[in-house]
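Participant: Structure file start_39.pdb, PDB, C-alpha atoms, is pasted below:
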ATOM      1  CA  MET A   1     -11.092 104.421 -12.933  1.00  0.00           C
ATOM      2  CA  SER A   2      -9.868 102.215 -10.059  1.00  0.00           C
ATOM      3  CA  ARG A   3      -9.730 105.293  -7.773  1.00  0.00           C
ATOM      4  CA  LEU A   4     -13.378 105.950  -8.509  1.00  0.00           C
ATOM      5  CA  ILE A   5     -14.288 102.369  -7.627  1.00  0.00           C
ATOM      6  CA  LYS A   6     -12.229 102.545  -4.404  1.00  0.00           C
ATOM      7  CA  CYS A   7     -13.900 105.809  -3.404  1.00  0.00           C
ATOM      8  CA  LEU A   8     -17.411 104.512  -4.120  1.00  0.00           C
ATOM      9  CA  LEU A   9     -16.934 101.187  -2.296  1.00  0.00           C
ATOM     10  CA  PRO A  10     -17.863 102.512   1.202  1.00  0.00           C
ATOM     11  CA  ILE A  11     -20.989 104.160  -0.184  1.00  0.00           C
ATOM     12  CA  VAL A  12     -22.088 100.927  -1.852  1.00  0.00           C
ATOM     13  CA  ILE A  13     -21.463  98.971   1.363  1.00  0.00           C
ATOM     14  CA  ALA A  14     -23.474 101.518   3.378  1.00  0.00           C
ATOM     15  CA  LEU A  15     -26.356 101.273   0.918  1.00  0.00           C
ATOM     16  CA  LEU A  16     -26.300  97.491   1.243  1.00  0.00           C
ATOM     17  CA  LEU A  17     -26.683  97.908   5.004  1.00  0.00           C
ATOM     18  CA  LEU A  18     -29.854  99.994   4.659  1.00  0.00           C
ATOM     19  CA  PRO A  19     -32.356  97.134   4.121  1.00  0.00           C
ATOM     20  CA  SER A  20     -31.359  95.652   7.475  1.00  0.00           C
ATOM     21  CA  THR A  21     -32.360  98.774   9.391  1.00  0.00           C
ATOM     22  CA  SER A  22     -35.809  97.436  10.272  1.00  0.00           C
ATOM     23  CA  ARG A  23     -34.065  94.986  12.636  1.00  0.00           C
ATOM     24  CA  ALA A  24     -31.784  97.579  14.238  1.00  0.00           C
ATOM     25  CA  ASP A  25     -31.808  98.480  17.905  1.00  0.00           C
ATOM     26  CA  ASP A  26     -33.323 101.798  18.920  1.00  0.00           C
ATOM     27  CA  LEU A  27     -30.734 104.031  20.609  1.00  0.00           C
ATOM     28  CA  SER A  28     -33.209 106.691  21.776  1.00  0.00           C
ATOM     29  CA  ASN A  29     -32.507 107.714  25.387  1.00  0.00           C
ATOM     30  CA  GLN A  30     -29.645 105.199  25.669  1.00  0.00           C
ATOM     31  CA  ASP A  31     -26.620 106.351  27.673  1.00  0.00           C
ATOM     32  CA  LEU A  32     -24.278 103.447  26.929  1.00  0.00           C
ATOM     33  CA  ILE A  33     -23.803 102.388  23.293  1.00  0.00           C
ATOM     34  CA  LEU A  34     -21.504  99.865  21.606  1.00  0.00           C
ATOM     35  CA  CYS A  35     -20.355 100.607  18.040  1.00  0.00           C
ATOM     36  CA  THR A  36     -18.338  98.691  15.461  1.00  0.00           C
ATOM     37  CA  ALA A  37     -16.845  99.620  12.088  1.00  0.00           C
ATOM     38  CA  ALA A  38     -18.119  97.783   8.991  1.00  0.00           C
ATOM     39  CA  SER A  39     -16.143  99.516   6.240  1.00  0.00           C
ATOM     40  CA  VAL A  40     -13.274 101.988   6.248  1.00  0.00           C
ATOM     41  CA  MET A  41     -11.713 104.278   3.656  1.00  0.00           C
ATOM     42  CA  LEU A  42      -8.386 106.092   4.086  1.00  0.00           C
ATOM     43  CA  CYS A  43      -7.755 109.064   1.799  1.00  0.00           C
ATOM     44  CA  GLN A  44      -4.508 111.043   1.468  1.00  0.00           C
ATOM     45  CA  ASP A  45      -4.238 114.681   0.431  1.00  0.00           C
ATOM     46  CA  ASP A  46      -2.776 113.570  -2.929  1.00  0.00           C
ATOM     47  CA  GLY A  47      -6.182 112.080  -3.822  1.00  0.00           C
ATOM     48  CA  ASP A  48      -5.212 108.464  -3.237  1.00  0.00           C
ATOM     49  CA  CYS A  49      -7.949 106.529  -1.385  1.00  0.00           C
ATOM     50  CA  VAL A  50      -7.785 102.961  -0.123  1.00  0.00           C
ATOM     51  CA  ALA A  51     -10.533 100.782   1.340  1.00  0.00           C
ATOM     52  CA  ASP A  52      -9.167  98.663   4.165  1.00  0.00           C
ATOM     53  CA  LEU A  53     -10.158  96.558   7.143  1.00  0.00           C
ATOM     54  CA  PRO A  54     -10.622  98.524  10.396  1.00  0.00           C
ATOM     55  CA  TRP A  55      -7.941  96.618  12.331  1.00  0.00           C
ATOM     56  CA  ASN A  56      -5.370  97.332   9.600  1.00  0.00           C
ATOM     57  CA  LEU A  57      -5.838 101.044  10.348  1.00  0.00           C
ATOM     58  CA  ASN A  58      -5.640 100.669  14.155  1.00  0.00           C
ATOM     59  CA  ILE A  59      -9.418 101.093  14.568  1.00  0.00           C
ATOM     60  CA  PRO A  60     -10.661  99.137  17.591  1.00  0.00           C
ATOM     61  CA  GLN A  61     -13.146  96.338  16.941  1.00  0.00           C
ATOM     62  CA  PHE A  62     -15.631  97.909  19.352  1.00  0.00           C
ATOM     63  CA  ILE A  63     -16.025 101.450  20.658  1.00  0.00           C
ATOM     64  CA  GLN A  64     -18.075 102.117  23.772  1.00  0.00           C
ATOM     65  CA  VAL A  65     -19.897 105.462  23.766  1.00  0.00           C
ATOM     66  CA  ASN A  66     -20.715 106.678  27.269  1.00  0.00           C
ATOM     67  CA  VAL A  67     -23.123 109.596  26.913  1.00  0.00           C
ATOM     68  CA  LYS A  68     -23.214 110.457  30.643  1.00  0.00           C
ATOM     69  CA  ASP A  69     -19.415 110.539  31.038  1.00  0.00           C
ATOM     70  CA  LYS A  70     -18.912 111.978  27.523  1.00  0.00           C
ATOM     71  CA  THR A  71     -16.229 109.442  26.619  1.00  0.00           C
ATOM     72  CA  LEU A  72     -15.357 107.049  23.813  1.00  0.00           C
ATOM     73  CA  SER A  73     -13.391 103.999  24.919  1.00  0.00           C
ATOM     74  CA  THR A  74     -12.348 100.521  23.925  1.00  0.00           C
ATOM     75  CA  THR A  75     -13.985  97.618  25.709  1.00  0.00           C
ATOM     76  CA  LYS A  76     -12.230  95.969  28.670  1.00  0.00           C
ATOM     77  CA  ALA A  77     -12.041  92.696  26.723  1.00  0.00           C
ATOM     78  CA  SER A  78      -9.909  94.354  24.022  1.00  0.00           C
ATOM     79  CA  GLY A  79      -7.059  94.925  26.476  1.00  0.00           C
ATOM     80  CA  GLU A  80      -6.286  98.212  24.696  1.00  0.00           C
ATOM     81  CA  ASN A  81      -7.391 100.584  27.486  1.00  0.00           C
ATOM     82  CA  ARG A  82      -7.972 103.504  25.072  1.00  0.00           C
ATOM     83  CA  SER A  83     -10.270 106.391  25.969  1.00  0.00           C
ATOM     84  CA  THR A  84     -10.910 109.900  24.677  1.00  0.00           C
ATOM     85  CA  PRO A  85     -13.271 112.663  25.777  1.00  0.00           C
ATOM     86  CA  ILE A  86     -16.238 113.761  23.693  1.00  0.00           C
ATOM     87  CA  ARG A  87     -15.971 117.560  23.521  1.00  0.00           C
ATOM     88  CA  ASN A  88     -19.279 118.197  21.762  1.00  0.00           C
ATOM     89  CA  PHE A  89     -22.396 116.099  22.186  1.00  0.00           C
ATOM     90  CA  LEU A  90     -25.841 116.734  20.713  1.00  0.00           C
ATOM     91  CA  ARG A  91     -29.013 114.687  20.262  1.00  0.00           C
ATOM     92  CA  GLU A  92     -31.212 116.291  17.629  1.00  0.00           C
ATOM     93  CA  ASP A  93     -33.778 115.146  15.050  1.00  0.00           C
ATOM     94  CA  GLY A  94     -33.149 111.460  15.748  1.00  0.00           C
ATOM     95  CA  GLN A  95     -29.378 111.780  15.374  1.00  0.00           C
ATOM     96  CA  ILE A  96     -26.528 111.619  17.876  1.00  0.00           C
ATOM     97  CA  PHE A  97     -23.607 113.928  17.071  1.00  0.00           C
ATOM     98  CA  LEU A  98     -20.234 113.420  18.794  1.00  0.00           C
ATOM     99  CA  GLN A  99     -17.068 115.417  18.198  1.00  0.00           C
ATOM    100  CA  GLY A 100     -13.634 115.694  19.696  1.00  0.00           C
ATOM    101  CA  VAL A 101      -9.945 116.237  19.183  1.00  0.00           C
ATOM    102  CA  GLU A 102      -7.047 114.108  20.389  1.00  0.00           C
ATOM    103  CA  ALA A 103      -3.431 113.485  19.350  1.00  0.00           C
ATOM    104  CA  GLY A 104      -3.647 115.828  16.355  1.00  0.00           C
ATOM    105  CA  ARG A 105      -6.849 114.233  15.050  1.00  0.00           C
ATOM    106  CA  ALA A 106     -10.374 115.609  14.902  1.00  0.00           C
ATOM    107  CA  PHE A 107     -13.239 113.132  14.952  1.00  0.00           C
ATOM    108  CA  SER A 108     -16.924 113.419  14.233  1.00  0.00           C
ATOM    109  CA  PHE A 109     -19.592 110.711  14.694  1.00  0.00           C
ATOM    110  CA  VAL A 110     -23.163 110.796  13.391  1.00  0.00           C
ATOM    111  CA  ILE A 111     -25.341 107.958  14.709  1.00  0.00           C
ATOM    112  CA  ASN A 112     -28.961 107.431  13.702  1.00  0.00           C
ATOM    113  CA  GLU A 113     -30.952 106.723  16.887  1.00  0.00           C
ATOM    114  CA  GLN A 114     -33.614 104.600  15.179  1.00  0.00           C
ATOM    115  CA  THR A 115     -31.390 102.441  12.982  1.00  0.00           C
ATOM    116  CA  GLY A 116     -28.110 102.434  14.899  1.00  0.00           C
ATOM    117  CA  LEU A 117     -26.219 103.159  11.669  1.00  0.00           C
ATOM    118  CA  MET A 118     -23.066 105.213  12.198  1.00  0.00           C
ATOM    119  CA  VAL A 119     -20.842 107.385  10.020  1.00  0.00           C
ATOM    120  CA  VAL A 120     -17.479 108.600  11.355  1.00  0.00           C
ATOM    121  CA  ALA A 121     -14.836 110.927   9.970  1.00  0.00           C
ATOM    122  CA  VAL A 122     -11.386 111.229  11.511  1.00  0.00           C
ATOM    123  CA  ALA A 123      -9.130 113.919  10.066  1.00  0.00           C
ATOM    124  CA  ARG A 124      -5.534 114.935  10.610  1.00  0.00           C
ATOM    125  CA  ALA A 125      -3.009 116.828   8.500  1.00  0.00           C
ATOM    126  CA  GLY A 126      -2.948 115.207   5.043  1.00  0.00           C
ATOM    127  CA  LYS A 127      -5.288 112.283   5.837  1.00  0.00           C
ATOM    128  CA  VAL A 128      -8.926 111.482   6.454  1.00  0.00           C
ATOM    129  CA  VAL A 129     -10.486 108.199   7.484  1.00  0.00           C
ATOM    130  CA  SER A 130     -14.180 107.610   6.866  1.00  0.00           C
ATOM    131  CA  VAL A 131     -16.000 104.802   8.621  1.00  0.00           C
ATOM    132  CA  PHE A 132     -19.441 103.269   8.157  1.00  0.00           C
ATOM    133  CA  GLY A 133     -20.680 101.060  10.961  1.00  0.00           C
ATOM    134  CA  ALA A 134     -23.439 100.187  13.376  1.00  0.00           C
ATOM    135  CA  CYS A 135     -24.251 100.700  17.049  1.00  0.00           C
ATOM    136  CA  THR A 136     -26.400  98.942  19.622  1.00  0.00           C
ATOM    137  CA  PRO A 137     -27.375  99.732  23.217  1.00  0.00           C
ATOM    138  CA  LEU A 138     -25.201  98.198  25.924  1.00  0.00           C
ATOM    139  CA  ALA A 139     -26.782  96.672  29.003  1.00  0.00           C
ATOM    140  CA  GLN A 140     -26.076  98.923  31.952  1.00  0.00           C
ATOM    141  CA  ALA A 141     -24.566  97.481  35.135  1.00  0.00           C
ATOM    142  CA  ARG A 142     -26.857  97.692  38.135  1.00  0.00           C
TER     143      ARG A 142
END
Translate this structure into structure tokens?
Facilitator:
Amino acid sequence: MSRLIKCLLPIVIALLLLPSTSRADDLSNQDLILCTAASVMLCQDDGDCVADLPWNLNIPQFIQVNVKDKTLSTTKASGENRSTPIRNFLREDGQIFLQGVEAGRAFSFVINEQTGLMVVAVARAGKVVSVFGACTPLAQAR
């Protein structure tokens, strides 16, 4: 029973975020986007799933999505200097789809352009991490 509750927790949190979507930033035609994780679930291939805080699973507090350069990176303020290429990028039907592979992990982002709500899956042998979060446009340097 506790496994069921742990597995449903991210879904419940995501549903609680839905009423706030009327205040979200519109990401349409934005080339620089800042995203953050709100809830995270780590599942093992043995069926064990654990909800945890993003920083406990080495997930950066903020991820910068650069559509023009096709990169995901940590912010300069984080001091982490992490970056990875986006191999597949698509904007379709009000959604932004990002995919890539790095260090034995495959990642896939789905970001709603109108609401800024984000869902991410990161998979590697024997493990998957699912993330619910939100994104906002970043001011572009001139």
Participant: Between A:Cys35, A:Cys43, A:Leu117, A:Val101, which residue has the minimum interatomic distance to Ser73 (chain A), considering all atoms listed in the file?
Facilitator: A:Cys35
Participant: With distances taken over only C-alpha atoms, which of A:Ala51, A:Leu42, A:Leu57, A:Val110 is nearest to Val128 (chain A)?
Facilitator: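 That would be A:Leu42, the residue with the smallest distance to Val128 (chain A).
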Participant: I would like the residues chosen by the PyMOL selection byres ((chain A and resi 67) around 9) on the shown file; could you give them as number ranges by chain?
Facilitator: A: 30-33, 65-66, 68-72, 86, 89
Participant: So what does the PyMOL selection byres ((chain A and resi 106) around 12) actually pick up in this one, as an MDAnalysis selection string?
Facilitator: chainID A and resid 84:88 98:105 107:109 120:125 127:130
Participant: Could you take the residues named above and write them with C-alpha atoms, as a compact mmCIF listing (two decimals), in the coordinates of the input?
Facilitator:
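Final output, saved to result_11.txt:
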# COMPACT_ATOMS: atom_id res chain seq x y z
CA THR A 84 -10.91 109.90 24.68
CA PRO A 85 -13.27 112.66 25.78
CA ILE A 86 -16.24 113.76 23.69
CA ARG A 87 -15.97 117.56 23.52
CA ASN A 88 -19.28 118.20 21.76
CA LEU A 98 -20.23 113.42 18.79
CA GLN A 99 -17.07 115.42 18.20
CA GLY A 100 -13.63 115.69 19.70
CA VAL A 101 -9.94 116.24 19.18
CA GLU A 102 -7.05 114.11 20.39
CA ALA A 103 -3.43 113.48 19.35
CA GLY A 104 -3.65 115.83 16.36
CA ARG A 105 -6.85 114.23 15.05
CA PHE A 107 -13.24 113.13 14.95
CA SER A 108 -16.92 113.42 14.23
CA PHE A 109 -19.59 110.71 14.69
CA VAL A 120 -17.48 108.60 11.36
CA ALA A 121 -14.84 110.93 9.97
CA VAL A 122 -11.39 111.23 11.51
CA ALA A 123 -9.13 113.92 10.07
CA ARG A 124 -5.53 114.94 10.61
CA ALA A 125 -3.01 116.83 8.50
CA LYS A 127 -5.29 112.28 5.84
CA VAL A 128 -8.93 111.48 6.45
CA VAL A 129 -10.49 108.20 7.48
CA SER A 130 -14.18 107.61 6.87
Participant: Could you work out an axis-aligned bounding box for all listed atoms of region 71-75 of chain A, with 8 Å added on each of the six sides, and give its centre and edge lengths in Å to one decimal, as lines of an AutoDock Vina configuration file?
Facilitator:
center_x = -14.3
center_y = 103.5
center_z = 25.2
size_x = 19.9
size_y = 27.8
size_z = 18.8
Participant: Provide the CA of Asn112 (chain A) to CA of Gly126 (chain A) distance in Å, to one decimal place.
Facilitator: 28.5 Å
Participant: Only C-alpha atoms, as a compact mmCIF listing (two decimals), in the first residue's frame: that is what I want for region 8-132 of chain A.
Facilitator:
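Result written to out_31.txt:
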# COMPACT_ATOMS: atom_id res chain seq x y z
CA LEU A 8 0.87 8.43 -6.77
CA LEU A 9 2.47 11.32 -4.84
CA PRO A 10 4.00 13.05 -7.93
CA ILE A 11 0.69 12.83 -9.77
CA VAL A 12 -1.17 14.40 -6.86
CA ILE A 13 1.42 17.20 -6.62
CA ALA A 14 1.15 17.86 -10.38
CA LEU A 15 -2.64 18.04 -10.12
CA LEU A 16 -2.32 20.54 -7.29
CA LEU A 17 -0.19 22.71 -9.57
CA LEU A 18 -2.87 22.85 -12.28
CA PRO A 19 -5.07 25.59 -10.75
CA SER A 20 -2.12 27.98 -10.81
CA THR A 21 -1.70 27.70 -14.57
CA SER A 22 -3.74 30.83 -15.28
CA ARG A 23 -0.84 32.85 -13.81
CA ALA A 24 1.89 31.02 -15.73
CA ASP A 25 4.23 32.65 -18.21
CA ASP A 26 3.67 31.98 -21.90
CA LEU A 27 6.70 30.26 -23.45
CA SER A 28 5.52 30.59 -27.07
CA ASN A 29 8.38 31.74 -29.33
CA GLN A 30 10.78 31.98 -26.38
CA ASP A 31 14.37 30.90 -27.07
CA LEU A 32 15.72 31.04 -23.52
CA ILE A 33 13.75 29.29 -20.75
CA LEU A 34 14.46 28.67 -17.06
CA CYS A 35 13.02 25.50 -15.49
CA THR A 36 12.92 24.12 -11.96
CA ALA A 37 11.87 20.77 -10.49
CA ALA A 38 8.92 20.73 -8.05
CA SER A 39 8.62 17.01 -7.32
CA VAL A 40 10.77 14.00 -8.15
CA MET A 41 10.25 10.24 -8.10
CA LEU A 42 13.04 7.66 -8.43
CA CYS A 43 11.99 4.14 -9.42
CA GLN A 44 14.22 1.05 -9.56
CA ASP A 45 13.69 -1.96 -11.81
CA ASP A 46 12.66 -4.02 -8.76
CA GLY A 47 9.50 -1.87 -8.48
CA ASP A 48 10.68 0.21 -5.54
CA CYS A 49 9.83 3.92 -5.98
CA VAL A 50 10.83 6.79 -3.72
CA ALA A 51 9.71 10.42 -3.78
CA ASP A 52 12.62 12.70 -2.94
CA LEU A 53 13.82 16.28 -3.10
CA PRO A 54 15.54 17.23 -6.39
CA TRP A 55 18.87 18.18 -4.77
CA ASN A 56 19.05 14.79 -3.02
CA LEU A 57 19.11 13.18 -6.48
CA ASN A 58 21.73 15.57 -7.94
CA ILE A 59 19.11 17.50 -9.94
CA PRO A 60 20.15 21.14 -10.34
CA GLN A 61 17.88 23.77 -8.80
CA PHE A 62 17.52 25.51 -12.16
CA ILE A 63 18.00 24.30 -15.72
CA GLN A 64 18.44 26.79 -18.54
CA VAL A 65 16.99 25.66 -21.88
CA ASN A 66 18.61 27.41 -24.83
CA VAL A 67 16.49 26.63 -27.89
CA LYS A 68 18.82 28.36 -30.40
CA ASP A 69 21.97 26.58 -29.17
CA LYS A 70 20.06 23.35 -28.42
CA THR A 71 21.56 23.00 -24.94
CA LEU A 72 20.45 22.36 -21.38
CA SER A 73 22.72 23.89 -18.74
CA THR A 74 22.93 24.91 -15.13
CA THR A 75 22.89 28.61 -14.34
CA LYS A 76 26.17 30.48 -13.78
CA ALA A 77 25.11 31.25 -10.20
CA SER A 78 24.96 27.52 -9.38
CA GLY A 79 28.71 27.15 -9.90
CA GLU A 80 28.09 23.67 -11.32
CA ASN A 81 29.01 24.42 -14.96
CA ARG A 82 26.96 21.49 -16.32
CA SER A 83 25.74 21.42 -19.91
CA THR A 84 24.36 18.82 -22.30
CA PRO A 85 23.22 18.98 -25.92
CA ILE A 86 19.59 18.60 -26.94
CA ARG A 87 19.62 16.01 -29.74
CA ASN A 88 15.95 16.28 -30.68
CA PHE A 89 13.88 19.44 -30.45
CA LEU A 90 10.29 19.95 -31.58
CA ARG A 91 7.61 22.58 -30.99
CA GLU A 92 4.20 21.17 -31.84
CA ASP A 93 0.60 21.67 -30.70
CA GLY A 94 1.59 24.04 -27.90
CA GLN A 95 4.22 21.67 -26.50
CA ILE A 96 8.02 21.78 -26.47
CA PHE A 97 9.69 18.37 -26.76
CA LEU A 98 13.38 17.97 -25.87
CA GLN A 99 15.38 14.74 -25.92
CA GLY A 100 18.96 13.69 -25.52
CA VAL A 101 21.43 11.14 -24.27
CA GLU A 102 24.46 11.68 -22.04
CA ALA A 103 26.56 9.58 -19.64
CA GLY A 104 24.42 6.47 -20.13
CA ARG A 105 21.16 8.34 -19.50
CA ALA A 106 18.35 9.22 -21.88
CA PHE A 107 16.24 12.26 -21.08
CA SER A 108 12.96 13.55 -22.39
CA PHE A 109 11.27 16.88 -21.52
CA VAL A 110 7.70 17.90 -22.36
CA ILE A 111 6.94 21.56 -21.61
CA ASN A 112 3.53 23.15 -22.12
CA GLU A 113 4.09 26.51 -23.87
CA GLN A 114 0.99 28.18 -22.42
CA THR A 115 1.30 27.06 -18.80
CA GLY A 116 5.04 26.51 -18.44
CA LEU A 117 4.38 23.17 -16.72
CA MET A 118 7.10 20.59 -17.36
CA VAL A 119 7.35 16.81 -17.15
CA VAL A 120 10.76 15.11 -17.44
CA ALA A 121 11.84 11.49 -17.57
CA VAL A 122 15.46 10.44 -17.20
CA ALA A 123 16.20 6.75 -17.75
CA ARG A 124 19.28 4.59 -17.41
CA ALA A 125 19.81 0.87 -16.90
CA GLY A 126 17.65 -0.21 -13.94
CA LYS A 127 16.43 3.27 -12.93
CA VAL A 128 14.06 6.01 -14.02
CA VAL A 129 13.59 9.46 -12.54
CA SER A 130 10.39 11.36 -13.22
CA VAL A 131 10.18 15.08 -12.56
CA PHE A 132 7.28 17.52 -12.48
